[in-house]
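Visitor: Here's a structure for you.
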Amino acid sequence: GDGQNLVTEDVTVVEGEVATISCRVKNSDDSVIQLLNPNRQTIYFKDFRPLKDSRFQLVNFSNSELRVSLTNVSVSDEGRYFCQLYTDPPQEIYTTMTVLVPPRNLVIDIQKDIATEGEEIELNCTAMASRPATTIRWFKGNKELTGKSEVEQWSDMFTVTSQLLLTVGREDDGVPVICLVDHPAVKDLQTQRYLEVIYKPQVRVLQNYPLQGLTREGEPLELTCTAFGKPQPTEVKWLRVDDEMPQHVVVSGSNLLINNLNKTDNGTYRCEASNAVGKSSADYMLFVYDPPTTIPPPTTTTTTTTPTTITDSRAGDEGSIRAVDHAVIGGVVAVVVFAMLCLLIILGRYFARHKGTYFTHEAKGADDAADADTAIINAEGGQNNSEEKKEYFI
């Protein structure tokens, strides 16, 4: 029959766990239900178990359902199981049991336990004897990487090997490389290896004194060289590029001291550090300025290049020039304003002392009179003449 009155579902189970097979009747008429294995041997007839395999146990039996459990499932148990209903005509339906097998072992094999910065290394992760074939994913820290996988089949089992090629840097030292398995039979199965990377020193020159400002004649200069690498640098030394080190320069380990700067100290001073991997250096460019003025010097800045670090004591020169320009402009403006004020005062006093003098022709001829009476008579005569000649002062 086509099993139209029977209902069942496929079963997926992990090897070693418990599987449950259910045969259900939609419209029960008290007909007999039985369950058969892939070899069509009867496992249960109603609630009776003819098969002697004790791993099968009755979970539920009624007129509408026969439910059976199978413990300690193995790959050999995989296949079709048949539900039969004794009606007229008989009805039959099957359910498929799929057995999953998780990887037996997960191993990372690394080409070199200790890698050098810039070197490409090979890592292999192997997941053995799984069913179905597993998927392997790679991670470096939290970043996912892409590997190349190969699958080998042995009987009904699969072994998967994934290869990862990785170019390492100093930032990878101590970072875990994780091999993660993606398989339906297991969750969060992973293994990891920590990278060990050796690299040449990283060198920096620090200016301890002066903390800020320009390096000026007569003042001291103190520099410190810091170097970090793996393994730690075995040697740190100072030298002067393209010239001999001045005799008054004191070098003590990673420190360089000049107690009294002068113009002959100008030049480039280099700190070198080395280890088993290689050698690195950092440069300090010294420029000695004249003794300090009333203008406060700006901050000295440091510039970094690769692979050599260069610290330049002239970095504050541009700011100093700008400060001097502003001061000169302010002084010139003050002098011009003062000169204009002085000019205005001088002109005011000059015009105040030289006011205009105006003459009229009143009493003309009185100045030539011999006495007062004659002057009055002449004045009167002048008044008569004034009618003909009049002068107006506005």
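Residues in the structure tokens are numbered from 1 in each chain, the chains being A, B, ... in the order shown, and ligands are numbered from 1 in the order shown.
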Please identify all polymer residues within 7 Å of range 179-188 of chain A, counting only C-alpha atoms, omitting same-chain residues fewer than 5 positions from it, and present them as a PyMOL selection string.
Guide: chain A and resi 14+100-102+125+134-139
Visitor: The selected residues should be written to file as a PDB file, in the first residue's frame (atoms: N, CA and C atoms).
Guide:
ATOM      1  N   VAL A  14      23.426  11.223  16.138  1.00  0.00           N
ATOM      2  CA  VAL A  14      24.879  11.167  16.243  1.00  0.00           C
ATOM      3  C   VAL A  14      25.276   9.805  16.785  1.00  0.00           C
ATOM      4  N   LEU A 100      25.330  10.323  12.079  1.00  0.00           N
ATOM      5  CA  LEU A 100      26.428  11.280  11.930  1.00  0.00           C
ATOM      6  C   LEU A 100      27.601  10.858  12.811  1.00  0.00           C
ATOM      7  N   VAL A 101      28.815  11.024  12.267  1.00  0.00           N
ATOM      8  CA  VAL A 101      30.014  10.679  13.024  1.00  0.00           C
ATOM      9  C   VAL A 101      30.900  11.930  13.106  1.00  0.00           C
ATOM     10  N   PRO A 102      31.134  12.468  14.298  1.00  0.00           N
ATOM     11  CA  PRO A 102      32.000  13.645  14.426  1.00  0.00           C
ATOM     12  C   PRO A 102      33.463  13.266  14.193  1.00  0.00           C
ATOM     13  N   CYS A 125      45.762  21.527   9.186  1.00  0.00           N
ATOM     14  CA  CYS A 125      44.807  21.055  10.189  1.00  0.00           C
ATOM     15  C   CYS A 125      44.089  19.834   9.617  1.00  0.00           C
ATOM     16  N   THR A 134      33.812  16.896   6.961  1.00  0.00           N
ATOM     17  CA  THR A 134      33.717  18.134   7.719  1.00  0.00           C
ATOM     18  C   THR A 134      34.233  19.317   6.905  1.00  0.00           C
ATOM     19  N   THR A 135      33.883  20.516   7.344  1.00  0.00           N
ATOM     20  CA  THR A 135      34.399  21.755   6.770  1.00  0.00           C
ATOM     21  C   THR A 135      35.328  22.407   7.794  1.00  0.00           C
ATOM     22  N   ILE A 136      36.527  22.782   7.368  1.00  0.00           N
ATOM     23  CA  ILE A 136      37.521  23.376   8.267  1.00  0.00           C
ATOM     24  C   ILE A 136      37.637  24.862   7.964  1.00  0.00           C
ATOM     25  N   ARG A 137      37.626  25.676   9.033  1.00  0.00           N
ATOM     26  CA  ARG A 137      37.782  27.131   8.920  1.00  0.00           C
ATOM     27  C   ARG A 137      38.994  27.565   9.742  1.00  0.00           C
ATOM     28  N   TRP A 138      39.700  28.586   9.214  1.00  0.00           N
ATOM     29  CA  TRP A 138      40.903  29.101   9.866  1.00  0.00           C
ATOM     30  C   TRP A 138      40.653  30.505  10.417  1.00  0.00           C
ATOM     31  N   PHE A 139      41.251  30.784  11.575  1.00  0.00           N
ATOM     32  CA  PHE A 139      41.207  32.121  12.165  1.00  0.00           C
ATOM     33  C   PHE A 139      42.582  32.460  12.716  1.00  0.00           C
TER      34      PHE A 139
END
Visitor: Name the residues in contact with Ser155 in chain A at a cut-off of 12 Å, using only C-alpha atoms, excluding same-chain residues fewer than 2 positions from it; report them as a PyMOL selection string.
Guide: chain A and resi 75+129-132+152-153+157-159
Visitor: So how many Å separate CA of Leu166 in chain A and CA of Lys148 in chain A, to one decimal?
Guide: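 One can read the CA of Leu166 in chain A to CA of Lys148 in chain A distance as 12.2 Å.
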Visitor: Pick out each residue of range 63-256 of chain A that DSSP on the backbone tags as strand (DSSP E); I need them as a PyMOL selection string.
Guide: chain A and resi 65-70+79-85+91-100+105-110+115-116+120-130+135-140+143-145+148-154+157-167+176-183+186-194+197-209+221-230+235-240+250-252+255-256
Visitor: Please provide as a VMD selection string all residues within 6 Å of Glu222 in chain A, with the sequence filter that same-chain residues fewer than 6 positions apart are discarded (counting only C-alpha atoms).
Guide: chain A and resid 208 to 209 256 to 257
Visitor: I need the chosen residues saved as a tab-separated table (two decimals), in the first residue's frame, with N, CA and C atoms.
Guide:
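Okay, this is what ended up in selection-v8.tsv:
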chain	number	residue	atom	x	y	z
A	208	ASN	N	65.80	63.62	26.29
A	208	ASN	CA	65.46	63.83	27.70
A	208	ASN	C	65.62	65.28	28.13
A	209	TYR	N	66.66	65.96	27.59
A	209	TYR	CA	66.87	67.38	27.91
A	209	TYR	C	67.51	68.07	26.71
A	256	LEU	N	73.31	59.23	25.68
A	256	LEU	CA	74.32	60.13	25.12
A	256	LEU	C	74.14	61.49	25.76
A	257	LEU	N	75.27	62.09	26.25
A	257	LEU	CA	75.20	63.36	26.97
A	257	LEU	C	76.26	64.32	26.42
Visitor: Measuring atom to atom with only C-alpha atoms, identify which of A:Gln207, A:Gln34, A:Asn259, A:Ser280 is nearest to Phe228 in chain A.
Guide: A:Ser280
Visitor: Looking at only C-alpha atoms, which of A:Asn105, A:Thr224, A:Thr8, A:Thr71 is the one that sits closest to Asp283 in chain A?
Guide: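 Looking at the shortest contact to Asp283 in chain A, the residue is A:Thr224.
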